[in-house]
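The structure file target-v3.cif is reproduced below (mmCIF, C-alpha atoms).
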```cif
data_work
loop_
_atom_site.label_atom_id
_atom_site.label_comp_id
_atom_site.auth_asym_id
_atom_site.auth_seq_id
_atom_site.Cartn_x
_atom_site.Cartn_y
_atom_site.Cartn_z
CA MET A 1 45.07 99.19 9.80
CA THR A 2 47.25 96.89 11.86
CA HIS A 3 45.65 94.61 14.36
CA ASP A 4 46.02 95.79 17.96
CA PRO A 5 47.21 92.76 19.94
CA THR A 6 46.47 94.24 23.40
CA PHE A 7 43.19 92.42 24.07
CA TRP A 8 44.40 89.19 22.51
CA LEU A 9 47.41 89.21 24.83
CA LEU A 10 45.15 90.11 27.75
CA ALA A 11 42.71 87.31 26.90
CA ARG A 12 45.48 84.70 26.87
CA ALA A 13 47.22 86.02 29.98
CA SER A 14 44.00 86.32 32.01
CA GLY A 15 42.86 82.85 30.94
CA LEU A 16 46.11 81.25 32.04
CA THR A 17 46.14 83.29 35.27
CA ALA A 18 42.55 82.28 36.04
CA TYR A 19 43.54 78.64 35.56
CA LEU A 20 46.55 79.09 37.84
CA LEU A 21 44.37 80.72 40.52
CA LEU A 22 41.79 77.94 40.22
CA THR A 23 44.58 75.41 40.72
CA LEU A 24 45.95 77.26 43.75
CA SER A 25 42.46 77.56 45.23
CA VAL A 26 41.83 73.83 44.76
CA LEU A 27 45.21 73.01 46.31
CA ALA A 28 44.54 75.29 49.30
CA GLY A 29 41.11 73.70 49.71
CA LEU A 30 42.56 70.21 49.60
CA VAL A 31 45.20 70.84 52.25
CA VAL A 32 42.79 72.46 54.74
CA LYS A 33 42.09 69.08 56.28
CA SER A 34 45.00 66.93 55.14
CA ARG A 35 47.38 69.38 56.89
CA PRO A 36 50.68 68.53 55.19
CA PHE A 37 52.34 71.22 57.29
CA GLY A 38 50.85 70.04 60.56
CA ARG A 39 49.68 72.75 62.92
CA ALA A 40 52.00 75.38 61.44
CA LEU A 41 49.18 76.64 59.23
CA LYS A 42 45.93 77.66 60.87
CA THR A 43 42.74 76.31 59.31
CA ALA A 44 41.18 79.78 59.22
CA ALA A 45 44.22 81.17 57.38
CA VAL A 46 44.23 78.35 54.81
CA THR A 47 40.49 78.70 54.17
CA ASP A 48 40.97 82.47 53.77
CA VAL A 49 43.65 81.82 51.14
CA HIS A 50 41.38 79.22 49.51
CA ARG A 51 38.52 81.74 49.21
CA PHE A 52 40.80 84.58 48.17
CA PHE A 53 42.26 82.60 45.24
CA ALA A 54 38.78 81.46 44.21
CA LEU A 55 37.43 85.02 44.14
CA LEU A 56 40.53 86.38 42.41
CA GLY A 57 40.20 83.58 39.86
CA LEU A 58 36.59 84.55 39.14
CA GLY A 59 37.69 88.17 38.73
CA MET A 60 40.33 87.01 36.28
CA LEU A 61 37.63 85.09 34.36
CA VAL A 62 35.63 88.30 34.00
CA LEU A 63 38.73 89.96 32.54
CA HIS A 64 39.22 86.91 30.28
CA GLY A 65 35.68 87.26 28.92
CA VAL A 66 35.85 91.04 28.48
CA ALA A 67 39.18 90.80 26.66
CA LEU A 68 37.84 88.11 24.31
CA VAL A 69 34.82 90.23 23.40
CA LEU A 70 36.93 93.34 22.80
CA ASP A 71 39.55 91.49 20.79
CA SER A 72 39.10 90.88 17.08
CA THR A 73 41.45 87.90 16.63
CA VAL A 74 38.55 85.56 17.38
CA HIS A 75 34.96 86.67 17.02
CA MET A 76 33.35 86.32 20.46
CA PRO A 77 29.92 87.85 21.04
CA VAL A 78 28.92 88.54 24.67
CA ALA A 79 26.23 85.83 24.55
CA ALA A 80 28.87 83.22 23.65
CA LEU A 81 30.49 83.83 27.04
CA PHE A 82 27.38 82.55 28.78
CA VAL A 83 25.77 80.11 26.36
CA PRO A 84 27.78 76.99 25.48
CA PHE A 85 28.41 76.18 21.80
CA LEU A 86 27.45 79.69 20.67
CA SER A 87 31.04 80.55 19.89
CA THR A 88 32.09 80.09 16.29
CA TYR A 89 35.70 79.74 17.39
CA ARG A 90 36.28 76.13 18.55
CA PRO A 91 32.69 75.76 19.91
CA THR A 92 33.28 72.62 21.98
CA ALA A 93 36.53 73.84 23.51
CA VAL A 94 34.92 77.16 24.44
CA ALA A 95 31.81 75.37 25.81
CA PHE A 96 34.02 73.58 28.34
CA GLY A 97 35.25 76.96 29.54
CA VAL A 98 31.76 78.47 29.70
CA LEU A 99 30.37 75.58 31.73
CA ALA A 100 33.43 75.47 34.01
CA ALA A 101 33.14 79.20 34.69
CA GLU A 102 29.42 79.02 35.44
CA LEU A 103 29.85 76.05 37.74
CA ALA A 104 32.78 77.79 39.47
CA ALA A 105 30.66 80.89 40.05
CA LEU A 106 27.82 78.75 41.42
CA ILE A 107 30.14 76.91 43.83
CA THR A 108 31.67 80.19 45.02
CA VAL A 109 28.26 81.77 45.61
CA SER A 110 27.04 78.63 47.40
CA PHE A 111 29.33 79.42 50.32
CA SER A 112 27.22 82.46 51.11
CA LEU A 113 24.08 80.40 50.68
CA ARG A 114 25.24 77.46 52.82
CA ARG A 115 22.74 78.21 55.60
CA TRP A 116 19.84 78.04 53.16
CA ILE A 117 20.92 75.01 51.18
CA GLY A 118 22.33 73.20 54.22
CA GLY A 119 25.79 71.89 54.94
CA ARG A 120 25.19 68.56 53.25
CA ASN A 121 24.11 70.10 49.93
CA TRP A 122 26.91 72.63 50.17
CA ARG A 123 29.46 69.84 50.52
CA ARG A 124 27.94 67.87 47.63
CA LEU A 125 28.08 70.91 45.39
CA HIS A 126 31.65 71.55 46.45
CA TYR A 127 32.69 68.16 45.00
CA ALA A 128 31.71 69.60 41.60
CA THR A 129 34.90 71.67 41.85
CA PHE A 130 36.76 68.62 40.52
CA LEU A 131 34.54 68.81 37.44
CA VAL A 132 35.37 72.52 37.14
CA PHE A 133 39.06 71.70 37.29
CA VAL A 134 38.80 68.95 34.67
CA MET A 135 36.68 71.11 32.34
CA GLY A 136 38.96 74.09 32.90
CA THR A 137 41.98 71.97 31.99
CA VAL A 138 40.31 70.63 28.84
CA HIS A 139 39.23 74.16 27.92
CA GLY A 140 42.72 75.59 28.43
CA LEU A 141 44.41 72.83 26.45
CA THR A 142 41.94 72.81 23.54
CA ALA A 143 40.87 76.46 23.27
CA GLY A 144 44.18 78.04 24.25
CA THR A 145 46.53 78.91 21.44
CA ASP A 146 49.59 78.57 23.69
CA SER A 147 48.94 74.97 24.72
CA ALA A 148 51.53 73.54 22.35
CA GLN A 149 54.23 75.79 23.84
CA PRO A 150 56.43 73.89 26.28
CA TRP A 151 55.92 76.49 29.04
CA ALA A 152 52.13 76.38 28.74
CA PHE A 153 51.98 72.61 28.51
CA SER A 154 54.23 72.39 31.58
CA LEU A 155 51.82 74.64 33.47
CA TYR A 156 48.86 72.35 32.70
CA LEU A 157 50.89 69.25 33.47
CA GLY A 158 52.12 70.71 36.75
CA ALA A 159 48.62 71.82 37.75
CA VAL A 160 47.03 68.44 37.02
CA GLY A 161 49.89 66.64 38.77
CA ALA A 162 49.69 68.86 41.86
CA VAL A 163 45.90 68.55 42.16
CA ALA A 164 46.04 64.77 41.62
CA PHE A 165 48.74 64.47 44.27
CA ALA A 166 46.92 66.69 46.78
CA THR A 167 43.67 64.79 46.16
CA ALA A 168 45.38 61.45 46.74
CA TRP A 169 46.97 62.83 49.92
CA ARG A 170 43.59 64.06 51.12
CA VAL A 171 41.78 60.81 50.34
CA LEU A 172 44.46 58.39 51.52
CA GLY A 173 45.53 60.35 54.58
CA ARG A 174 43.65 59.34 57.66
CA PRO A 175 41.79 62.17 59.36
CA THR A 176 44.14 63.48 62.02
CA ARG A 177 41.34 64.91 64.10
CA THR A 178 39.67 61.76 65.30
CA ARG A 179 43.04 60.43 66.39
CA THR A 180 44.25 63.51 68.25
CA THR A 181 41.06 64.18 70.17
CA THR A 182 39.59 61.36 72.16
CA PRO A 183 35.97 62.08 73.06
CA THR A 184 34.99 61.34 76.61
CA PRO A 185 32.84 58.22 77.01
CA ALA A 186 29.83 60.35 78.02
CA LEU A 187 30.05 62.37 74.81
CA GLU A 188 30.52 59.22 72.76
CA ARG A 189 27.20 57.88 74.01
CA SER A 190 25.26 61.05 73.28
CA ALA A 191 26.67 61.30 69.75
CA MET B 1 28.35 84.46 79.88
CA TYR B 2 28.01 83.02 76.40
CA ARG B 3 25.32 80.78 75.03
CA ILE B 4 26.73 78.53 72.31
CA VAL B 5 24.91 76.81 69.47
CA ILE B 6 26.47 74.57 66.82
CA ASP B 7 24.84 74.16 63.42
CA GLY B 8 25.39 70.44 63.03
CA SER B 9 24.56 70.56 59.32
CA LEU B 10 27.31 73.08 58.60
CA CYS B 11 30.00 71.55 60.81
CA SER B 12 32.54 69.89 58.54
CA GLY B 13 34.79 68.64 61.29
CA PHE B 14 37.74 71.02 60.98
CA GLY B 15 38.12 70.70 64.75
CA ASP B 16 39.58 74.12 65.41
CA CYS B 17 36.93 74.84 68.04
CA ALA B 18 38.03 71.80 70.04
CA ASP B 19 41.64 72.99 69.78
CA LEU B 20 40.84 76.53 70.91
CA ALA B 21 38.31 75.83 73.66
CA PRO B 22 38.63 72.16 74.60
CA ASP B 23 36.51 72.61 77.73
CA VAL B 24 33.55 73.74 75.66
CA PHE B 25 33.88 71.85 72.37
CA GLY B 26 34.57 68.19 71.79
CA LEU B 27 34.52 66.02 68.70
CA ASP B 28 32.27 63.05 68.19
CA SER B 29 33.38 59.76 66.67
CA HIS B 30 32.88 61.24 63.18
CA GLY B 31 35.10 64.19 64.02
CA LYS B 32 32.14 66.59 64.19
CA ALA B 33 31.93 69.23 66.86
CA LEU B 34 29.74 68.74 69.88
CA LEU B 35 29.11 70.90 72.87
CA ARG B 36 30.32 69.82 76.27
CA VAL B 37 28.37 72.68 77.88
CA GLY B 38 25.50 74.91 76.76
CA THR B 39 26.88 78.12 78.21
CA SER B 40 30.36 79.23 79.17
CA ASP B 41 32.24 82.21 80.58
CA ASP B 42 35.33 81.18 78.63
CA GLU B 43 36.36 84.03 76.29
CA ARG B 44 37.87 81.46 73.94
CA VAL B 45 34.41 80.45 72.68
CA ARG B 46 34.38 83.69 70.68
CA GLU B 47 37.76 82.79 69.19
CA ALA B 48 36.42 79.34 68.36
CA ALA B 49 33.36 80.81 66.64
CA ASP B 50 35.57 83.16 64.60
CA ALA B 51 37.96 80.36 63.69
CA CYS B 52 35.26 78.02 62.37
CA PRO B 53 35.72 77.98 58.56
CA MET B 54 32.05 77.13 58.06
CA GLY B 55 30.72 79.69 60.52
CA ALA B 56 28.84 76.86 62.20
CA ILE B 57 29.26 78.18 65.75
CA HIS B 58 26.94 80.84 67.06
CA VAL B 59 27.88 82.61 70.26
CA GLU B 60 25.44 84.86 72.01
CA GLU B 61 26.29 86.90 75.05
CA VAL B 62 23.66 86.45 77.76
CA LEU B 63 23.31 87.91 81.22
CA ALA B 64 24.28 85.47 83.90
CA ALA B 65 21.24 84.50 85.92
#
```

Go ahead and express the file in the form of structure tokens.
Amino acid sequence: MTHDPTFWLLARASGLTAYLLLTLSVLAGLVVKSRPFGRALKTAAVTDVHRFFALLGLGMLVLHGVALVLDSTVHMPVAALFVPFLSTYRPTAVAFGVLAAELAALITVSFSLRRWIGGRNWRRLHYATFLVFVMGTVHGLTAGTDSAQPWAFSLYLGAVGAVAFATAWRVLGRPTRTRTTTPTPALERSA
Amino acid sequence: MYRIVIDGSLCSGFGDCADLAPDVFGLDSHGKALLRVGTSDDERVREAADACPMGAIHVEEVLAA
């Protein structure tokens, strides 16, 4: 019997797509406040895009996991999708993906729980997205079988470069808000 | 008439409220939203509440006394 490559192709494609969506979500999140396009993009629209990519990325991760379980190229039991180091195929590389996915799901869910956990904790947890991105990159490069291909390597390189650039822009750029809006002296005192 | 409440913990200083309804919302020295008034008849407060990415603005319609 010949090996059916459908799920193996699906596993690779969904993994790469999930990584691309994660990158786009991170980029959208980073430009919400740094506003490289000025007022042309509304904050609400950018945050909508940010959330949409994040949710779509999680959906793609589900597909990634399902495809890996159904495929027979690598042996991947369901439990290995949730428990790090349970995979017999490149355990460490897969563990990075498992932990990144779980943390990504937690961060996404935390938005709905922000009233309970408080804005400060929500923001702190949101910083963990950088860890998700780093772990996701390591996972993609080390567990992915396409990483050595120039097109795949370019994708990872481009993603890391874009996120690094957008992060630098966000950190180095002065907040535009405090400059554009001058609080009245009365409000300054009460603050 | 609208009664407005800002959840200071959730406000992340996007500042869209101050752009949309500058008579009602201001920004403090940290860029966080603060209320200039407690109640307002300005319809734009609803827009401001909808525009807040964190959902930190609560607008309640109350009967004018």

Legend entry - Residues matched by the PyMOL selection byres ((chain B and resi 37-47) around 12) as number ranges by chain: A: 44, 187; B: 1-6, 16-26, 34-36, 48-53, 55, 57-65

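Taking all atoms listed in the file into account, chain B lies nearest to A:Val46 out of the set A:Val46, A:Leu86, A:Leu24, A:Val171.
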
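Within the file as shown, the PyMOL selection byres ((chain A and resi 103-119) around 8) identifies Ala54, Leu55, Leu58, Leu99, Ala100, Ala101, Glu102, Arg120, Asn121, Trp122, Arg123, Leu125, His126, Ala128, Thr129 and Val132 of chain A; Ser9, Leu10, Cys11 and Ser12 of chain B.
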
Legend entry - Distance of CA of Arg35 (chain A) from CA of Ala18 (chain A), expressed in Å to one decimal place: 25.0 Å

Check which residues of region 135-180 of chain A sit at most 9 Å from region 10-16 of chain A using all atoms listed in the file, and return one row each with the closest pair of atoms and their distance in Å to one decimal, ordered by chain and rising number, as JSON lines.
```
{"residue": "A:Gly140", "atom": "CA", "partner": "A:Leu16", "partner_atom": "CA", "distance": 7.5}
{"residue": "A:Gly144", "atom": "CA", "partner": "A:Arg12", "partner_atom": "CA", "distance": 7.3}
{"residue": "A:Thr145", "atom": "CA", "partner": "A:Arg12", "partner_atom": "CA", "distance": 8.0}
{"residue": "A:Asp146", "atom": "CA", "partner": "A:Arg12", "partner_atom": "CA", "distance": 8.0}
{"residue": "A:Ala152", "atom": "CA", "partner": "A:Leu16", "partner_atom": "CA", "distance": 8.4}
{"residue": "A:Leu155", "atom": "CA", "partner": "A:Leu16", "partner_atom": "CA", "distance": 8.9}
```

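Computed from the coordinates, the CA of Val49 (chain A) to CA of Ala159 (chain A) distance equals 17.4 Å.
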
Legend entry - Between CA of Val26 (chain A) and CA of Gln149 (chain A), distance in Å (one decimal): 24.4 Å

Inset, instruction - Mind listing whatever residues come within 12 Å of the point (28.7, 85.6, 20.7)? Use only C-alpha atoms, file coordinates, and give them as a list of chain:residue names. - result: A:Gly65, A:Val66, A:Leu68, A:Val69, A:Leu70, A:Val74, A:His75, A:Met76, A:Pro77, A:Val78, A:Ala79, A:Ala80, A:Leu81, A:Phe82, A:Val83, A:Pro84, A:Phe85, A:Leu86, A:Ser87, A:Thr88, A:Tyr89, A:Pro91, A:Val94, A:Ala95, A:Val98

Save out the residues we just selected, C-alpha atoms, as a short mmCIF file (atom, residue, chain, number, x, y, z; two decimals), in the frame of the given file.
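Saved the output as out22.cif:
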```cif
data_model
loop_
_atom_site.label_atom_id
_atom_site.label_comp_id
_atom_site.auth_asym_id
_atom_site.auth_seq_id
_atom_site.Cartn_x
_atom_site.Cartn_y
_atom_site.Cartn_z
CA GLY A 65 35.68 87.26 28.92
CA VAL A 66 35.85 91.04 28.48
CA LEU A 68 37.84 88.11 24.31
CA VAL A 69 34.82 90.23 23.40
CA LEU A 70 36.93 93.34 22.80
CA VAL A 74 38.55 85.56 17.38
CA HIS A 75 34.96 86.67 17.02
CA MET A 76 33.35 86.32 20.46
CA PRO A 77 29.92 87.85 21.04
CA VAL A 78 28.92 88.54 24.67
CA ALA A 79 26.23 85.83 24.55
CA ALA A 80 28.87 83.22 23.65
CA LEU A 81 30.49 83.83 27.04
CA PHE A 82 27.38 82.55 28.78
CA VAL A 83 25.77 80.11 26.36
CA PRO A 84 27.78 76.99 25.48
CA PHE A 85 28.41 76.18 21.80
CA LEU A 86 27.45 79.69 20.67
CA SER A 87 31.04 80.55 19.89
CA THR A 88 32.09 80.09 16.29
CA TYR A 89 35.70 79.74 17.39
CA PRO A 91 32.69 75.76 19.91
CA VAL A 94 34.92 77.16 24.44
CA ALA A 95 31.81 75.37 25.81
CA VAL A 98 31.76 78.47 29.70
#
```

Inset, instruction - Compile the contact shell of region 29-31 of chain A as a list in words: residues with an atom at most 9 Å away, counting only C-alpha atoms, same-chain residues fewer than 4 positions apart removed. - result: Leu24, Ser25, Arg35, Pro36, Phe37, Val46, Thr47, Val49, His50, Arg51, Val163, Ala166, Thr167, Trp169 and Arg170 of chain A

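Compared by their closest atoms to His64 (chain A), and using all atoms listed in the file, the residues A:Leu172, A:Tyr19, A:Thr137, A:Leu157 rank with A:Tyr19 nearest.
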
Legend entry - Nearest residue to chain B from the set A:Leu20, A:Gly161, A:Pro5, A:Ala45 (distances using only C-alpha atoms): A:Ala45

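Closest approach to chain B among A:His3, A:His139, A:Arg124, A:Lys33 is made by A:Lys33 (distances from only C-alpha atoms).
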
Please output region 19-54 of chain B, rebuilt to include N, CA and C atoms, as a PDB file, in the frame of the given file.
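The resulting file, selection-v8.pdb, is shown below:
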```
ATOM      1  N   ASP B  19      40.264  72.610  69.466  1.00  0.00           N
ATOM      2  CA  ASP B  19      41.640  72.990  69.780  1.00  0.00           C
ATOM      3  C   ASP B  19      41.677  74.259  70.623  1.00  0.00           C
ATOM      4  N   LEU B  20      40.806  75.214  70.270  1.00  0.00           N
ATOM      5  CA  LEU B  20      40.840  76.530  70.910  1.00  0.00           C
ATOM      6  C   LEU B  20      40.170  76.532  72.275  1.00  0.00           C
ATOM      7  N   ALA B  21      39.046  75.849  72.389  1.00  0.00           N
ATOM      8  CA  ALA B  21      38.310  75.830  73.660  1.00  0.00           C
ATOM      9  C   ALA B  21      37.913  74.401  73.991  1.00  0.00           C
ATOM     10  N   PRO B  22      38.892  73.591  74.385  1.00  0.00           N
ATOM     11  CA  PRO B  22      38.630  72.160  74.600  1.00  0.00           C
ATOM     12  C   PRO B  22      37.641  71.865  75.739  1.00  0.00           C
ATOM     13  N   ASP B  23      37.465  72.836  76.630  1.00  0.00           N
ATOM     14  CA  ASP B  23      36.510  72.610  77.730  1.00  0.00           C
ATOM     15  C   ASP B  23      35.070  72.746  77.254  1.00  0.00           C
ATOM     16  N   VAL B  24      34.898  73.452  76.153  1.00  0.00           N
ATOM     17  CA  VAL B  24      33.550  73.740  75.660  1.00  0.00           C
ATOM     18  C   VAL B  24      33.177  72.818  74.491  1.00  0.00           C
ATOM     19  N   PHE B  25      34.158  72.624  73.570  1.00  0.00           N
ATOM     20  CA  PHE B  25      33.880  71.850  72.370  1.00  0.00           C
ATOM     21  C   PHE B  25      34.624  70.512  72.379  1.00  0.00           C
ATOM     22  N   GLY B  26      33.941  69.489  71.980  1.00  0.00           N
ATOM     23  CA  GLY B  26      34.570  68.190  71.790  1.00  0.00           C
ATOM     24  C   GLY B  26      34.293  67.733  70.378  1.00  0.00           C
ATOM     25  N   LEU B  27      34.801  66.570  70.015  1.00  0.00           N
ATOM     26  CA  LEU B  27      34.520  66.020  68.700  1.00  0.00           C
ATOM     27  C   LEU B  27      33.913  64.642  68.872  1.00  0.00           C
ATOM     28  N   ASP B  28      32.881  64.372  68.087  1.00  0.00           N
ATOM     29  CA  ASP B  28      32.270  63.050  68.190  1.00  0.00           C
ATOM     30  C   ASP B  28      33.087  62.035  67.392  1.00  0.00           C
ATOM     31  N   SER B  29      32.593  60.812  67.316  1.00  0.00           N
ATOM     32  CA  SER B  29      33.380  59.760  66.670  1.00  0.00           C
ATOM     33  C   SER B  29      33.552  59.999  65.167  1.00  0.00           C
ATOM     34  N   HIS B  30      32.728  60.893  64.596  1.00  0.00           N
ATOM     35  CA  HIS B  30      32.880  61.240  63.180  1.00  0.00           C
ATOM     36  C   HIS B  30      33.747  62.477  62.992  1.00  0.00           C
ATOM     37  N   GLY B  31      34.252  62.995  64.101  1.00  0.00           N
ATOM     38  CA  GLY B  31      35.100  64.190  64.020  1.00  0.00           C
ATOM     39  C   GLY B  31      34.302  65.477  63.985  1.00  0.00           C
ATOM     40  N   LYS B  32      32.984  65.378  64.198  1.00  0.00           N
ATOM     41  CA  LYS B  32      32.140  66.590  64.190  1.00  0.00           C
ATOM     42  C   LYS B  32      32.102  67.214  65.581  1.00  0.00           C
ATOM     43  N   ALA B  33      31.933  68.518  65.591  1.00  0.00           N
ATOM     44  CA  ALA B  33      31.930  69.230  66.860  1.00  0.00           C
ATOM     45  C   ALA B  33      30.697  68.926  67.689  1.00  0.00           C
ATOM     46  N   LEU B  34      30.891  68.818  68.985  1.00  0.00           N
ATOM     47  CA  LEU B  34      29.740  68.740  69.880  1.00  0.00           C
ATOM     48  C   LEU B  34      30.041  69.565  71.120  1.00  0.00           C
ATOM     49  N   LEU B  35      28.966  70.033  71.702  1.00  0.00           N
ATOM     50  CA  LEU B  35      29.110  70.900  72.870  1.00  0.00           C
ATOM     51  C   LEU B  35      29.217  70.086  74.143  1.00  0.00           C
ATOM     52  N   ARG B  36      30.202  70.459  74.966  1.00  0.00           N
ATOM     53  CA  ARG B  36      30.320  69.820  76.270  1.00  0.00           C
ATOM     54  C   ARG B  36      29.427  70.559  77.284  1.00  0.00           C
ATOM     55  N   VAL B  37      29.209  71.849  77.010  1.00  0.00           N
ATOM     56  CA  VAL B  37      28.370  72.680  77.880  1.00  0.00           C
ATOM     57  C   VAL B  37      27.490  73.554  76.997  1.00  0.00           C
ATOM     58  N   GLY B  38      26.393  74.049  77.540  1.00  0.00           N
ATOM     59  CA  GLY B  38      25.500  74.910  76.760  1.00  0.00           C
ATOM     60  C   GLY B  38      25.911  76.373  76.848  1.00  0.00           C
ATOM     61  N   THR B  39      26.431  76.738  78.007  1.00  0.00           N
ATOM     62  CA  THR B  39      26.880  78.120  78.210  1.00  0.00           C
ATOM     63  C   THR B  39      28.287  78.078  78.813  1.00  0.00           C
ATOM     64  N   SER B  40      29.003  79.183  78.630  1.00  0.00           N
ATOM     65  CA  SER B  40      30.360  79.230  79.170  1.00  0.00           C
ATOM     66  C   SER B  40      30.779  80.673  79.399  1.00  0.00           C
ATOM     67  N   ASP B  41      31.673  80.881  80.351  1.00  0.00           N
ATOM     68  CA  ASP B  41      32.240  82.210  80.580  1.00  0.00           C
ATOM     69  C   ASP B  41      33.582  82.339  79.859  1.00  0.00           C
ATOM     70  N   ASP B  42      34.027  81.235  79.284  1.00  0.00           N
ATOM     71  CA  ASP B  42      35.330  81.180  78.630  1.00  0.00           C
ATOM     72  C   ASP B  42      35.353  82.091  77.392  1.00  0.00           C
ATOM     73  N   GLU B  43      36.248  83.091  77.408  1.00  0.00           N
ATOM     74  CA  GLU B  43      36.360  84.030  76.290  1.00  0.00           C
ATOM     75  C   GLU B  43      36.755  83.326  74.989  1.00  0.00           C
ATOM     76  N   ARG B  44      37.368  82.154  75.131  1.00  0.00           N
ATOM     77  CA  ARG B  44      37.870  81.460  73.940  1.00  0.00           C
ATOM     78  C   ARG B  44      36.747  80.946  73.040  1.00  0.00           C
ATOM     79  N   VAL B  45      35.507  80.898  73.544  1.00  0.00           N
ATOM     80  CA  VAL B  45      34.410  80.450  72.680  1.00  0.00           C
ATOM     81  C   VAL B  45      34.206  81.423  71.515  1.00  0.00           C
ATOM     82  N   ARG B  46      34.493  82.686  71.764  1.00  0.00           N
ATOM     83  CA  ARG B  46      34.380  83.690  70.680  1.00  0.00           C
ATOM     84  C   ARG B  46      35.446  83.415  69.618  1.00  0.00           C
ATOM     85  N   GLU B  47      36.663  83.140  70.103  1.00  0.00           N
ATOM     86  CA  GLU B  47      37.760  82.790  69.190  1.00  0.00           C
ATOM     87  C   GLU B  47      37.379  81.572  68.354  1.00  0.00           C
ATOM     88  N   ALA B  48      36.809  80.579  69.033  1.00  0.00           N
ATOM     89  CA  ALA B  48      36.420  79.340  68.360  1.00  0.00           C
ATOM     90  C   ALA B  48      35.374  79.611  67.283  1.00  0.00           C
ATOM     91  N   ALA B  49      34.406  80.477  67.613  1.00  0.00           N
ATOM     92  CA  ALA B  49      33.360  80.810  66.640  1.00  0.00           C
ATOM     93  C   ALA B  49      33.960  81.526  65.429  1.00  0.00           C
ATOM     94  N   ASP B  50      34.913  82.438  65.689  1.00  0.00           N
ATOM     95  CA  ASP B  50      35.570  83.160  64.600  1.00  0.00           C
ATOM     96  C   ASP B  50      36.427  82.238  63.743  1.00  0.00           C
ATOM     97  N   ALA B  51      37.031  81.243  64.392  1.00  0.00           N
ATOM     98  CA  ALA B  51      37.960  80.360  63.690  1.00  0.00           C
ATOM     99  C   ALA B  51      37.251  79.326  62.824  1.00  0.00           C
ATOM    100  N   CYS B  52      35.971  79.062  63.117  1.00  0.00           N
ATOM    101  CA  CYS B  52      35.260  78.020  62.370  1.00  0.00           C
ATOM    102  C   CYS B  52      35.138  78.411  60.894  1.00  0.00           C
ATOM    103  N   PRO B  53      35.753  77.620  59.980  1.00  0.00           N
ATOM    104  CA  PRO B  53      35.720  77.980  58.560  1.00  0.00           C
ATOM    105  C   PRO B  53      34.313  77.987  57.978  1.00  0.00           C
ATOM    106  N   MET B  54      33.415  77.204  58.576  1.00  0.00           N
ATOM    107  CA  MET B  54      32.050  77.130  58.060  1.00  0.00           C
ATOM    108  C   MET B  54      31.113  78.112  58.745  1.00  0.00           C
TER     109      MET B  54
END
```
